[in-house]
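**Q** Here it is, the structure, as structure tokens.
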Amino acid sequence: MTKIGAAIVLLALLAAVVGPTLVPFDPTDQELALRLEGPSAHHWFGLDELGRDILARVLSGARISLIVGLVVVGVSSSLGMLLGSIAGYFGGVIDELVSRLMDILLAFPGLLLAIAMVAVLGPSLTNVILALSLIGWVGYARLVRGQVLRARELEFVQAARALGASTPRILARHIMPTALPALSPVARGTLVVDESGSFSLRRQNRRMRHIIMVM
Amino acid sequence: MGRFLARRLLLTIPVLLGVATLVFSLIHLIPGDPAQAMLGEAAPQADVVELRHRLGLDRPLIEQYGMFLKGLVKGDLGTSLRTGQPVTDQIVERMPATFELAAAAMIVAIAFAMPLGIVAAVRRGTVADHAAMTISLAGVSVPNFWLGPMLAIIFAVELGWLPVSGRGTWAHLVLPAISLGAALAAILARMTRATMLEELREQYVQAARARGVSKSRAVLRHAFRNSLIPVVTLLGLQFGAVLTGAVITETIFAWPGIGRLLIQSIGFRDYPLVQGCILLIALTYVGVNLATDMVYGVLDPRIRYE
């Protein structure tokens with residue numbers, strides 16, 4: 001199972017990295033006479049409504065999706081782990097501050113934030129990543145906070161505290177390992193979901209996106 | 001518990017104020033003019049100016065913000081710029097449909113995901129585990145803008161078992177709930193499996209078995225209960241998300257929910273309606289997160305907030 005999974009990931013990576021160079025079409029070139037043509041030997045995935053090669057568009061879109069997905073998951077999970085563990089471990093005012101900030105951000109529709117960011121900062125891949133990460137960390141933080149709330153009361157954590165271990169050490173060495181298993185399914189889910197979550201930004205900056213092609 | 005609840009309810013005020021301020025700033029930051037959007041691109045400039053004046057959009061931003069907050073304190077969210085209807089009415093009208101779909105999707109997700117996750121964890125490495133995880137992988141990978149139309153084509157158009165779209169009977173709810181619940185179920189199943197695996201390794205499960213507790217009881221009463229904290233957190237996050245982010249499903253099945261109302265009102269730059277929708281969403285999240293925190297305490301009495 002793991003090997004099959006690794007093979008699929010590798011294939012997706014390869015497709016994203018070298019794929020665009022293997023297709024003899026430019027993703028923006030139009031053949032209007034053949035628009036909406038089905039798959040053929042020449043165009044494996046067919047052509048879209050503007051006569052552009054769908055395979056070329058999928059592969060060049062994959063590259064951007066992959067970068068966005070990896071960076072957003074990396075940034076938001078790191079930030080989420082940091083803030084979530086601080087909120088859960090210290091509790092009290094710190095927890096209230098971080099948690100209420102999370103309430104505010106959770107209520108926020110990504111679309112509004114995305115449009116506002118593009119309007120102010122201009123359309124770019126960095127801004128897509130920034131907009132997604134700005135909201136993305138909250139889910140991780142809430143998960144980590146829940147785990148930490150529980151873990152801080154466990155005997156081995158209290159033992160570490162009694163032995164005089166520093167707070168960063170307790171968090172990093174004793175508490176985080178118990179919180180990590182809960183994060184991985186969500187991180188994997190986010191990699192996929194980000195693909196669709198960022199479509200609004202892509203409309204604005206006119207880059208190709210798989211979801212736009214499907215919609 | 002009473003003090004905790006009182007404090008949390010009191011803290012709802014700054015949260016709502018924060019959300020209101022952020023929404024107000026962001027929506028005025030984005031380009032686009034509601035008057036222009038209502039009259040169309042070809043409208044004469046004089047008409048646009050006149051409408052802007054009538055809607056109060058030509059007043060200084062700080063004055064508009066003050067008026068918005070004043071209304072908010074009185075519980076008045078204003079009137080929609082586009083339809084002229086009170087925002088509260090429009091939101092209240094959509095709320096039952098929104099909660100109905102969200103609750104149905106959550107039920108679908110929980111009903112599929114929990115048994116799948118538990119079986120996969122208990123029978124780790126077997127065919128059952130691989131099958132369960134393959135199903136959940138498919139659930140994560142299949143986007144609902146594809147799943148929705150496919151379900152509609154098969155069960156509504158071809159087989160004619162269920163209605164294609166709209167809201168009315170329970171039959172109308174089936175396809176949107178499955179379409180929305182599938183992705184939730186997939187992540188939930190993986191989460192249940194991952195946290196169950198952690199718990200099943202713990203000594204208290206072995207100790208329970210050694211005391212003669214049956215395997216199913218050790219799994220369900222001991223390990224499952226302890227694995228629930230991240231699962232409950234995820235459920236809370238997902239419930240909030242489906243209340244607001246079900247736009248695609250709502251569009252495919254013509255479901256009259258808040259998600260679609262919000263996206264449409266952002267498109268029309270209908271400021272009061274956007275603000276109203278987001279405040280309702282914020283209130284929902286505050287409630288869901290409060291409930292989640294209280295469930296933590298029930299699941300694990302060692303968790304305290306004081």
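Chains: A, B, ... in order of the structure tokens. Residues: from 1 per chain. Ligands: from 1, in order shown.
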Can you pull out every residue within 8 Å of range 284-299 of chain B, counting only C-alpha atoms, but drop anything in the same chain fewer than 6 positions away, and send it as a list of chain:residue names?
**A**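 Final neighbour list, sorted by chain and number: A:Asp103, A:Leu106, A:Ala107, A:Gly146, B:Arg8, B:Thr12, B:Arg225, B:Asn226, B:Leu228, B:Ile229, B:Val232, B:Thr233, B:Gly236, B:Phe239, B:Gly240.
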**Q** Convert the current residue selection to file output with C-alpha atoms, as a PDB file, in the first residue's frame.
**A**
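Output below, filename result30.pdb:
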ATOM      1  CA  ASP A 103     -12.958  32.280  15.914  1.00  0.00           C
ATOM      2  CA  LEU A 106     -12.693  30.871  10.921  1.00  0.00           C
ATOM      3  CA  ALA A 107     -15.720  33.040  10.204  1.00  0.00           C
ATOM      4  CA  GLY A 146      -7.295  20.047  21.626  1.00  0.00           C
TER       5      GLY A 146
ATOM      6  CA  ARG B   8     -16.975  32.710  26.933  1.00  0.00           C
ATOM      7  CA  THR B  12     -18.334  36.714  22.035  1.00  0.00           C
ATOM      8  CA  ARG B 225     -13.652   7.386  23.621  1.00  0.00           C
ATOM      9  CA  ASN B 226     -10.075   8.499  24.199  1.00  0.00           C
ATOM     10  CA  LEU B 228     -12.355  11.289  20.128  1.00  0.00           C
ATOM     11  CA  ILE B 229     -10.739  14.631  21.041  1.00  0.00           C
ATOM     12  CA  VAL B 232     -14.556  16.172  17.821  1.00  0.00           C
ATOM     13  CA  THR B 233     -12.322  19.141  16.943  1.00  0.00           C
ATOM     14  CA  GLY B 236     -16.573  21.216  14.850  1.00  0.00           C
ATOM     15  CA  PHE B 239     -19.638  21.725  10.714  1.00  0.00           C
ATOM     16  CA  GLY B 240     -18.649  25.377  10.581  1.00  0.00           C
TER      17      GLY B 240
END
**Q** Output as JSON lines one row per residue of chain A within 7 Å of chain B: the closest atom pair and its distance in Å to one decimal place, counting only C-alpha atoms, sorted by chain and residue number ascending.
**A**
{"residue": "A:Gly91", "atom": "CA", "partner": "B:Tyr305", "partner_atom": "CA", "distance": 6.7}
{"residue": "A:Gly92", "atom": "CA", "partner": "B:Glu306", "partner_atom": "CA", "distance": 6.8}
{"residue": "A:Arg100", "atom": "CA", "partner": "B:Val15", "partner_atom": "CA", "distance": 6.2}
{"residue": "A:Asp103", "atom": "CA", "partner": "B:Val286", "partner_atom": "CA", "distance": 6.0}
{"residue": "A:Ile104", "atom": "CA", "partner": "B:Val19", "partner_atom": "CA", "distance": 5.5}
{"residue": "A:Ala107", "atom": "CA", "partner": "B:Ala282", "partner_atom": "CA", "distance": 4.5}
{"residue": "A:Phe108", "atom": "CA", "partner": "B:Ile278", "partner_atom": "CA", "distance": 6.7}
{"residue": "A:Ile115", "atom": "CA", "partner": "B:Ile30", "partner_atom": "CA", "distance": 6.5}
{"residue": "A:Ala116", "atom": "CA", "partner": "B:Ile30", "partner_atom": "CA", "distance": 4.9}
{"residue": "A:Ala119", "atom": "CA", "partner": "B:Ile30", "partner_atom": "CA", "distance": 5.8}
{"residue": "A:Gly139", "atom": "CA", "partner": "B:Leu237", "partner_atom": "CA", "distance": 7.0}
{"residue": "A:Arg142", "atom": "CA", "partner": "B:Thr233", "partner_atom": "CA", "distance": 6.9}
{"residue": "A:Leu143", "atom": "CA", "partner": "B:Pro230", "partner_atom": "CA", "distance": 5.8}
{"residue": "A:Gly146", "atom": "CA", "partner": "B:Pro230", "partner_atom": "CA", "distance": 6.4}
{"residue": "A:Gln147", "atom": "CA", "partner": "B:Pro230", "partner_atom": "CA", "distance": 6.5}
{"residue": "A:Leu149", "atom": "CA", "partner": "B:Ile303", "partner_atom": "CA", "distance": 6.1}
{"residue": "A:Arg150", "atom": "CA", "partner": "B:Ile303", "partner_atom": "CA", "distance": 5.8}
{"residue": "A:Glu153", "atom": "CA", "partner": "B:Arg302", "partner_atom": "CA", "distance": 6.5}
{"residue": "A:Pro181", "atom": "CA", "partner": "B:Ala194", "partner_atom": "CA", "distance": 5.9}
{"residue": "A:Ala182", "atom": "CA", "partner": "B:Thr195", "partner_atom": "CA", "distance": 6.0}
{"residue": "A:Pro185", "atom": "CA", "partner": "B:Met191", "partner_atom": "CA", "distance": 5.7}
{"residue": "A:Val186", "atom": "CA", "partner": "B:Ile187", "partner_atom": "CA", "distance": 6.5}
{"residue": "A:Gly189", "atom": "CA", "partner": "B:Val140", "partner_atom": "CA", "distance": 6.3}
{"residue": "A:Val192", "atom": "CA", "partner": "B:Ser141", "partner_atom": "CA", "distance": 6.6}
**Q** Between A:Ser76, A:Thr28, A:Ser40, A:Thr21, single out the one closest to Ala131 in chain A, counting only C-alpha atoms.
**A**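 Of A:Ser76, A:Thr28, A:Ser40, A:Thr21, the one nearest Ala131 in chain A, counting only C-alpha atoms, is A:Ser76.
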**Q** Name all residues at most 10 Å from range 160-174 of chain A (count only C-alpha atoms; drop same-chain ones fewer than 5 positions away) and give them as a PyMOL selection string.
**A** chain A and resi 82+85-86+89-90+148+151-152+155+179
